[in-house]
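Listing of input_39.txt, compact mmCIF, C-alpha atoms
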```txt
# COMPACT_ATOMS: atom_id res chain seq x y z
CA MET T 118 34.11 1.47 -75.39
CA SER T 119 36.02 0.24 -72.37
CA GLU T 120 32.71 -0.28 -70.63
CA LYS T 121 31.99 -3.02 -73.03
CA GLU T 122 35.35 -4.78 -72.50
CA HIS T 123 35.26 -5.09 -68.73
CA LYS T 124 31.76 -5.83 -67.80
CA VAL T 125 31.35 -5.70 -64.07
CA SER T 126 27.88 -6.34 -62.88
CA ARG T 127 26.47 -4.43 -59.95
CA ARG T 128 26.51 -7.65 -57.92
CA GLN T 129 30.21 -8.32 -58.65
CA PHE T 130 31.15 -4.74 -57.89
CA LEU T 131 29.43 -4.93 -54.50
CA THR T 132 31.08 -8.27 -53.69
CA TYR T 133 34.53 -6.92 -54.47
CA THR T 134 34.12 -3.74 -52.50
CA LEU T 135 32.54 -5.46 -49.50
CA THR T 136 35.24 -8.15 -49.40
CA GLY T 137 37.90 -5.46 -49.71
CA VAL T 138 36.49 -3.25 -46.98
CA GLY T 139 35.65 -6.24 -44.77
CA GLY T 140 39.14 -7.64 -45.13
CA PHE T 141 40.65 -4.30 -44.33
CA MET T 142 38.55 -3.97 -41.19
CA ALA T 143 39.34 -7.53 -40.08
CA ALA T 144 43.04 -6.85 -40.56
CA GLY T 145 42.65 -3.65 -38.55
CA MET T 146 41.24 -5.66 -35.68
CA LEU T 147 43.55 -8.66 -35.86
CA MET T 148 46.84 -6.83 -36.27
CA PRO T 149 46.87 -5.21 -32.79
CA MET T 150 45.75 -8.50 -31.25
CA ALA T 151 48.61 -10.38 -32.87
CA ARG T 152 51.01 -7.63 -31.81
CA PHE T 153 49.87 -7.78 -28.20
CA ALA T 154 50.27 -11.54 -28.22
CA LEU T 155 53.74 -11.44 -29.76
CA ASP T 156 55.10 -8.32 -28.11
CA PRO T 157 56.34 -9.90 -24.85
CA ALA T 158 58.08 -12.61 -26.85
CA LEU T 159 59.81 -10.00 -28.99
CA GLU T 160 60.80 -7.93 -25.98
CA ALA T 161 62.46 -10.76 -24.08
CA GLY T 162 64.82 -11.28 -26.96
CA ALA T 163 65.54 -7.61 -27.37
CA GLU T 164 69.08 -6.58 -26.65
CA SER T 165 69.45 -5.12 -23.19
CA ASP T 166 71.48 -2.00 -22.59
CA PHE T 167 75.03 -2.36 -21.39
CA VAL T 168 76.23 -0.25 -18.48
CA ARG T 169 79.83 0.57 -17.56
CA VAL T 170 80.47 -1.01 -14.18
CA ALA T 171 84.19 -1.22 -13.57
CA SER T 172 87.57 -0.72 -15.14
CA LEU T 173 89.68 -3.72 -15.99
CA ASP T 174 92.57 -2.94 -13.66
CA GLU T 175 90.26 -2.91 -10.62
CA LEU T 176 89.53 -6.60 -11.13
CA THR T 177 91.37 -9.46 -9.48
CA GLU T 178 91.05 -13.20 -9.25
CA GLU T 179 89.06 -12.60 -6.08
CA PRO T 180 85.35 -11.85 -6.62
CA GLN T 181 84.60 -8.24 -5.74
CA ARG T 182 81.28 -6.56 -5.27
CA PHE T 183 80.30 -3.79 -7.67
CA ASP T 184 77.09 -1.76 -7.44
CA PHE T 185 75.68 -0.11 -10.52
CA VAL T 186 72.53 1.67 -11.57
CA VAL T 187 70.30 0.67 -14.46
CA GLU T 188 67.20 2.27 -15.85
CA GLN T 189 64.29 -0.11 -15.56
CA GLU T 190 61.09 0.33 -17.52
CA ASP T 191 57.85 -1.05 -16.18
CA GLY T 192 55.26 -0.31 -18.82
CA TRP T 193 55.43 3.46 -19.15
CA TYR T 194 56.97 3.97 -15.74
CA SER T 195 60.75 4.05 -15.69
CA SER T 196 62.83 4.02 -12.55
CA GLU T 197 66.44 3.67 -11.49
CA VAL T 198 67.37 0.38 -9.90
CA THR T 199 70.62 -0.48 -8.17
CA ARG T 200 72.06 -3.81 -9.20
CA VAL T 201 74.98 -5.73 -7.79
CA ALA T 202 77.51 -7.97 -9.50
CA TRP T 203 80.33 -10.13 -8.17
CA ILE T 204 83.11 -9.70 -10.71
CA TYR T 205 86.44 -11.53 -10.98
CA LEU T 206 89.00 -12.71 -13.49
CA ALA T 207 89.24 -16.36 -14.50
CA ASN T 208 92.09 -17.05 -16.96
CA ASN T 209 92.03 -13.36 -17.90
CA GLU T 210 88.35 -13.53 -18.74
CA VAL T 211 85.90 -11.33 -16.91
CA VAL T 212 83.18 -13.21 -15.07
CA ALA T 213 80.27 -11.30 -13.50
CA LEU T 214 77.84 -13.24 -11.33
CA SER T 215 74.42 -12.09 -10.19
CA PRO T 216 74.12 -12.05 -6.39
CA VAL T 217 70.52 -13.27 -6.42
CA CYS T 218 70.26 -16.66 -4.74
CA THR T 219 68.54 -19.11 -7.07
CA HIS T 220 66.63 -20.57 -4.16
CA LEU T 221 64.30 -17.75 -3.10
CA GLY T 222 66.07 -14.58 -4.19
CA CYS T 223 68.11 -13.39 -1.21
CA THR T 224 71.42 -11.64 -1.83
CA VAL T 225 74.50 -13.85 -1.58
CA ASN T 226 77.97 -12.72 -0.49
CA TRP T 227 81.42 -14.00 -1.40
CA GLU T 228 82.81 -15.65 1.72
CA GLY T 229 79.70 -14.46 3.51
CA SER T 230 80.18 -17.07 6.20
CA GLU T 231 83.43 -17.67 8.03
CA SER T 232 82.73 -21.39 8.07
CA TYR T 233 82.73 -21.57 4.28
CA PRO T 234 85.69 -19.80 2.68
CA GLU T 235 85.88 -19.86 -1.14
CA ASN T 236 82.07 -20.00 -1.39
CA PHE T 237 79.24 -17.64 -2.11
CA PHE T 238 77.00 -17.84 0.93
CA CYS T 239 73.30 -17.03 1.22
CA PRO T 240 72.43 -15.76 4.71
CA CYS T 241 68.79 -16.82 4.50
CA HIS T 242 68.90 -20.59 4.28
CA GLY T 243 72.61 -21.38 4.06
CA GLY T 244 72.66 -21.86 0.29
CA ARG T 245 76.21 -22.07 -1.11
CA PHE T 246 77.83 -21.68 -4.51
CA GLU T 247 81.33 -22.34 -5.83
CA ARG T 248 83.51 -19.52 -7.10
CA ASP T 249 82.17 -20.05 -10.63
CA GLY T 250 78.58 -19.88 -9.35
CA THR T 251 77.81 -23.60 -9.36
CA ASN T 252 75.37 -24.52 -6.64
CA ILE T 253 76.70 -26.91 -4.00
CA GLN T 254 74.76 -30.13 -3.54
CA GLY T 255 73.05 -30.49 -0.21
CA THR T 256 72.20 -26.79 0.08
CA PRO T 257 68.77 -25.44 -0.96
CA PRO T 258 69.57 -23.80 -4.36
CA THR T 259 68.91 -26.03 -7.37
CA ARG T 260 70.74 -24.19 -10.13
CA PRO T 261 73.87 -22.04 -10.50
CA LEU T 262 73.92 -18.28 -10.01
CA ASP T 263 72.93 -16.30 -13.10
CA VAL T 264 75.71 -14.59 -15.06
CA TYR T 265 75.73 -11.10 -16.52
CA GLU T 266 76.51 -10.61 -20.18
CA VAL T 267 79.95 -9.01 -20.25
CA GLN T 268 81.52 -6.69 -22.79
CA VAL T 269 85.05 -5.39 -22.44
CA GLU T 270 86.02 -2.32 -24.44
CA GLY T 271 89.54 -1.11 -23.84
CA ASP T 272 89.81 -0.72 -20.10
CA ASP T 273 86.09 -0.55 -19.41
CA VAL T 274 83.89 -3.44 -18.34
CA TYR T 275 80.26 -3.25 -19.39
CA LEU T 276 77.49 -5.46 -18.04
CA GLY T 277 74.17 -6.24 -19.70
CA GLY T 278 71.28 -8.45 -18.68
CA THR T 279 71.52 -11.68 -16.71
CA VAL T 280 71.47 -15.11 -18.31
CA GLN T 281 70.24 -18.27 -16.66
CA ARG T 282 72.50 -21.30 -16.80
CA MET I 195 58.95 -10.81 0.15
CA LYS I 196 56.82 -7.80 -0.46
CA TRP I 197 53.16 -7.20 0.08
CA ASN I 198 52.02 -7.96 -3.46
CA THR I 199 50.34 -10.87 -5.22
CA THR I 200 53.47 -12.04 -7.08
CA ASP I 201 55.34 -12.47 -3.82
CA ALA I 202 52.25 -13.90 -2.15
CA ASP I 203 52.28 -16.70 -4.73
CA MET I 204 55.96 -17.26 -4.04
CA TYR I 205 55.19 -17.38 -0.33
CA LEU I 206 52.44 -19.96 -0.80
CA LYS I 207 54.89 -22.21 -2.61
CA ALA I 208 57.72 -21.80 -0.13
CA SER I 209 56.10 -20.82 3.16
CA GLU I 210 58.22 -23.25 5.18
CA TYR I 211 61.29 -21.15 4.33
CA VAL I 212 59.75 -17.83 5.37
CA ASP I 213 59.84 -17.45 9.13
CA THR I 214 60.48 -13.75 9.66
CA ALA I 215 58.05 -10.85 9.52
CA ILE I 216 59.16 -7.23 9.52
CA ILE I 217 56.67 -4.67 10.69
CA PRO I 218 57.56 -1.02 10.07
CA LEU I 219 56.13 1.16 12.87
CA ILE I 220 55.07 4.46 11.34
CA PRO I 221 53.65 7.34 13.39
CA LEU I 222 51.19 10.04 12.39
CA ASN I 223 51.19 13.51 13.91
CA TRP I 224 49.86 16.68 12.32
CA LYS I 225 50.19 18.97 15.33
CA LYS I 226 53.83 18.78 16.31
CA ASP I 227 56.88 18.32 14.09
CA PHE I 228 54.78 17.22 11.13
CA LYS I 229 57.67 17.12 8.70
CA GLY I 230 59.91 15.25 11.12
CA THR I 231 57.23 12.60 11.46
CA VAL I 232 57.04 12.24 7.69
CA ALA I 233 60.84 12.02 7.45
CA ARG I 234 60.96 9.26 10.06
CA GLY I 235 58.26 7.31 8.26
CA GLU I 236 59.99 7.72 4.91
CA PHE I 237 63.31 6.62 6.29
CA ILE I 238 61.86 3.48 7.81
CA SER I 239 60.11 2.55 4.54
CA LEU I 240 63.45 2.95 2.77
CA ILE I 241 65.27 0.73 5.27
CA THR I 242 62.49 -1.86 5.15
CA ASP I 243 62.71 -2.08 1.35
CA GLU I 244 66.46 -2.48 1.53
CA ILE I 245 66.29 -5.27 4.10
CA GLU I 246 63.65 -6.99 1.98
CA LYS I 247 66.00 -6.90 -0.99
CA GLN I 248 68.78 -8.60 0.98
CA PHE I 249 66.64 -11.24 2.67
CA LYS I 250 63.87 -11.67 0.12
CA GLY I 251 63.58 -15.43 0.56
CA ARG I 252 63.17 -15.52 4.31
CA VAL I 253 61.60 -12.21 5.28
CA TYR I 254 58.10 -10.97 4.66
CA THR I 255 57.56 -7.23 4.96
CA ILE I 256 54.14 -6.62 6.50
CA PRO I 257 52.15 -3.41 5.80
CA PRO I 258 53.15 -0.69 8.27
CA PHE I 259 51.73 -0.60 11.75
CA THR I 260 50.48 2.97 11.94
CA TYR I 261 49.49 4.93 15.01
CA LEU I 262 48.84 8.44 16.27
CA GLU I 263 51.70 9.78 18.32
CA GLU I 264 49.18 10.84 20.95
CA GLU I 265 48.08 7.23 21.39
CA SER I 266 49.31 6.09 24.80
CA ASP I 267 52.26 3.72 25.09
CA GLU I 268 50.16 0.98 26.63
CA VAL I 269 47.47 1.04 23.96
CA ARG I 270 49.80 0.93 21.01
CA ALA I 271 51.98 -1.74 22.60
CA GLU I 272 48.85 -3.79 23.21
CA ARG I 273 47.78 -3.40 19.58
CA LEU I 274 51.23 -4.35 18.33
CA LYS I 275 51.16 -7.40 20.57
CA GLN I 276 48.00 -8.53 18.77
CA TRP I 277 49.76 -8.20 15.41
CA ASP I 278 52.72 -10.14 16.73
CA ASP I 279 50.48 -12.82 18.15
CA HIS I 280 48.65 -13.21 14.86
CA LEU I 281 51.88 -13.50 12.87
CA PHE I 282 53.57 -15.80 15.37
CA LYS I 283 50.64 -18.20 15.31
CA ASN I 284 50.71 -18.22 11.52
CA GLY I 285 54.24 -19.44 11.05
CA PHE I 286 56.43 -16.42 11.69
CA ALA I 287 58.83 -17.51 14.41
CA HIS I 288 60.65 -14.17 14.22
CA VAL I 289 58.91 -10.80 14.23
CA ILE I 290 60.97 -7.63 13.94
CA TYR I 291 59.57 -4.19 14.66
CA LEU I 292 61.41 -1.49 12.77
CA THR I 293 61.06 2.14 13.79
CA SER I 294 62.68 5.55 13.93
CA ASP I 295 60.37 6.67 16.71
CA GLY I 296 62.31 6.62 19.99
CA ASP I 297 59.09 6.41 22.03
CA TRP I 298 58.99 2.68 21.42
CA LYS I 299 62.17 2.30 23.48
CA ARG I 300 60.04 3.00 26.56
CA VAL I 301 57.90 -0.09 26.01
CA GLU I 302 60.57 -2.31 24.48
CA GLU I 303 60.61 -4.72 27.43
CA HIS I 304 56.90 -5.33 27.12
CA LEU I 305 57.06 -6.27 23.45
CA PRO I 306 57.09 -9.97 22.64
CA ASP I 307 59.91 -9.84 20.06
CA THR I 308 62.75 -7.67 18.76
CA LEU I 309 62.56 -3.90 18.37
CA LEU I 310 65.10 -2.30 16.05
CA TRP I 311 65.25 1.41 16.61
CA ILE I 312 67.09 3.22 13.85
CA PRO I 313 67.33 7.01 14.17
CA ALA I 314 66.39 8.66 10.86
CA LEU I 315 69.18 10.25 8.84
CA PRO I 316 68.46 13.69 7.38
CA LEU I 317 68.65 12.46 3.80
CA GLU I 318 66.72 15.22 2.09
CA ASN I 319 69.59 17.71 2.20
CA VAL I 320 72.12 15.22 0.97
CA GLU I 321 73.21 14.52 -2.59
CA PRO I 322 71.40 11.39 -3.86
CA SER I 323 74.53 9.32 -4.50
CA TYR I 324 75.90 10.17 -1.06
CA ALA I 325 72.51 9.42 0.52
CA LYS I 326 72.61 5.98 -1.06
CA ASP I 327 76.01 5.37 0.50
CA MET I 328 74.77 6.46 3.92
CA VAL I 329 71.78 4.13 3.74
CA SER I 330 73.83 1.14 2.60
CA GLN I 331 76.28 1.78 5.45
CA GLN I 332 73.37 1.64 7.88
CA ILE I 333 71.99 -1.48 6.25
CA ARG I 334 75.35 -3.19 6.60
CA GLN I 335 75.08 -2.68 10.35
CA ILE I 336 71.47 -3.82 10.59
CA LEU I 337 71.79 -7.07 8.62
CA PRO I 338 74.00 -8.85 11.19
CA MET I 339 71.42 -8.08 13.88
CA ILE I 340 68.88 -10.06 11.90
CA THR I 341 71.21 -12.98 11.08
CA ASP I 342 72.26 -13.11 14.74
CA LYS I 343 68.62 -13.30 15.69
CA TRP I 344 68.19 -16.26 13.36
CA GLN I 345 71.22 -17.94 14.93
CA SER I 346 69.88 -17.56 18.44
CA GLY I 347 66.45 -19.01 17.62
CA PRO I 348 62.96 -17.60 18.10
CA LYS I 349 61.89 -15.78 21.24
CA GLU I 350 59.49 -17.53 23.55
CA ARG I 351 56.02 -16.04 23.79
CA GLU I 352 54.10 -16.12 27.04
CA SER I 353 50.55 -17.23 26.58
```

Give the structure from this file in structure tokens form.
Amino acid sequence: MSEKEHKVSRRQFLTYTLTGVGGFMAAGMLMPMARFALDPALEAGAESDFVRVASLDELTEEPQRFDFVVEQEDGWYSSEVTRVAWIYLANNEVVALSPVCTHLGCTVNWEGSESYPENFFCPCHGGRFERDGTNIQGTPPTRPLDVYEVQVEGDDVYLGGTVQR
Amino acid sequence: MKWNTTDADMYLKASEYVDTAIIPLIPLNWKKDFKGTVARGEFISLITDEIEKQFKGRVYTIPPFTYLEEESDEVRAERLKQWDDHLFKNGFAHVIYLTSDGDWKRVEEHLPDTLLWIPALPLENVEPSYAKDMVSQQIRQILPMITDKWQSGPKERES
């Protein structure tokens, strides 16, 4: 009865099954490839973890150095890394600057040279930055210091990843 | 900069800014005070890494110069001189030898550039967070020695 209504020839049946199975196998191969290609792009946008670094009443208008520890994952190897931030208050907003010189990656210090007060100073090649992290023309760095993402909850200051400006 | 390909690429792009090489001097001795030798080597690697982090853009950390403690002072000083000579001729105006092994003090005058001798701290019995503090205190004292060296210009080599 029903055999008469849907007539599927042997040839058609084989075509359908082979296309189905073939498609399934192709998808099985392509999916991981696409994932590998896209994964780094997805990861970069992923939200980084915030770490408590300081309490609000420790902060002043003067940039102060705070060290904190973050868990860093390199593939399947995770390790603890110490990071540094220069944190200060500007109009009651918390600003946290990365100490990594945008020239070649040395560590800068607030008023690190007596000749240049009110500047971040890089000991390697004399790079200088304003209080807000802007690079000073005529010194090697070509862009401002990176800033940390900041979250303030109650009295606690949390820092996340760094953002390029 | 560290001894890896990523930093090597960075060096190739910016070699005119990198004028300082740091060579950790790390001894080997299985007969006498084996563990002490390991501790000294470990401590110097730690200090080297920390200095690299501070001065990444101007300092290249070279693979350790290793030697047997029974090697005579003259021989190892001569070998180190060859390393120094090679680096100096290839653009490193400053070469710093970093060690916890006091024996090097005996040949310091015969070395072409600056020896920094830093006695190892017994970190293994100390709580990790406190150990970190101790190391960063030490680092804070070592960094000015390097910036002062930069201020005073490279040492002349006799040749």

Exercise for the section: Show me which bits of chain T are within 7 Å of chain I, counting all atoms listed in the file, as a list in words. Expected result: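 Result, ordered by chain then number: Leu221, Gly222, Cys223, Thr224 and Cys241 of chain T.
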
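In this structure, CA of Met142 in chain T sits 18.3 Å away from CA of Phe130 in chain T.
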
Practice task
May I ask which of the residues I:Ala215, I:Ile312, I:Val269, I:Ile290 is the closest one to Ile333 in chain I, counting all atoms listed in the file?
Solution key: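 Checking each candidate against Ile333 in chain I, we get I:Ile312 as the closest.
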
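CA of Thr260 in chain I is positioned 14.5 Å from CA of Phe237 in chain I.
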
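Restricting the calculation to all atoms listed in the file, the smallest distance between Thr242 in chain I and any of I:Asn319, I:Pro306, I:Ala325, I:Ile336 is found for I:Ile336.
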
Problem - Distance of CA of Ile217 in chain I from CA of Tyr291 in chain I, expressed in Å to one decimal place - result: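 Separating CA of Tyr291 in chain I from CA of Ile217 in chain I is a distance of 4.9 Å.
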
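When all atoms listed in the file are used to compute distances to Glu236 in chain I, the closest of the residues I:Ala202, I:Val289, I:Ala314, I:Ile256 turns out to be I:Ala314.
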
Practice task
With a distance cut-off of 9 Å and all atoms listed in the file, select the neighbouring residues of Tyr205 in chain T, excluding the residue or stretch itself and same-chain residues fewer than 5 positions from it, and output the selection as a list in words.
Solution key: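 Those residues are Leu176, Thr177, Glu178, Glu179, Pro180, Gln181, Glu210, Val211, Val212, Ala213 and Leu214 of chain T.
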
Exercise for the section: Do a neighbour search on His304 in chain I at 10 Å with only C-alpha atoms, toss out local chain neighbours closer than 2 positions, and write the hits as a PyMOL selection string. Expected result: chain I and resi 268+271-272+275+299-302+306-307

Handout entry: Residues within 7 Å of (49.7, 13.1, 17.5), counting all atoms listed in the file, listed as a count of residues only
Key = 7

Handout entry: Nearby residues (only C-alpha atoms) at most 10 Å from range 183-186 of chain T, same-chain spacing under 3 positions excluded, as a PyMOL selection string
Key = chain T and resi 168-171+180+189+197-204+213+276

Can you list, as a JSON list (two decimals) with C-alpha atoms, keeping the file's coordinate frame, every protein, DNA or RNA residue that comes within 8 Å of range 246-262 of chain T when you count only C-alpha atoms, leaving out same-chain residues fewer than 4 positions away?
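File produced: out-v9.json:
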```json
[["chain", "number", "residue", "atom", "x", "y", "z"],
["T", 180, "PRO", "CA", 85.35, -11.85, -6.62],
["T", 214, "LEU", "CA", 77.84, -13.24, -11.33],
["T", 215, "SER", "CA", 74.42, -12.09, -10.19],
["T", 216, "PRO", "CA", 74.12, -12.05, -6.39],
["T", 217, "VAL", "CA", 70.52, -13.27, -6.42],
["T", 218, "CYS", "CA", 70.26, -16.66, -4.74],
["T", 219, "THR", "CA", 68.54, -19.11, -7.07],
["T", 220, "HIS", "CA", 66.63, -20.57, -4.16],
["T", 235, "GLU", "CA", 85.88, -19.86, -1.14],
["T", 236, "ASN", "CA", 82.07, -20.00, -1.39],
["T", 237, "PHE", "CA", 79.24, -17.64, -2.11],
["T", 238, "PHE", "CA", 77.00, -17.84, 0.93],
["T", 242, "HIS", "CA", 68.90, -20.59, 4.28],
["T", 281, "GLN", "CA", 70.24, -18.27, -16.66],
["T", 282, "ARG", "CA", 72.50, -21.30, -16.80]]
```
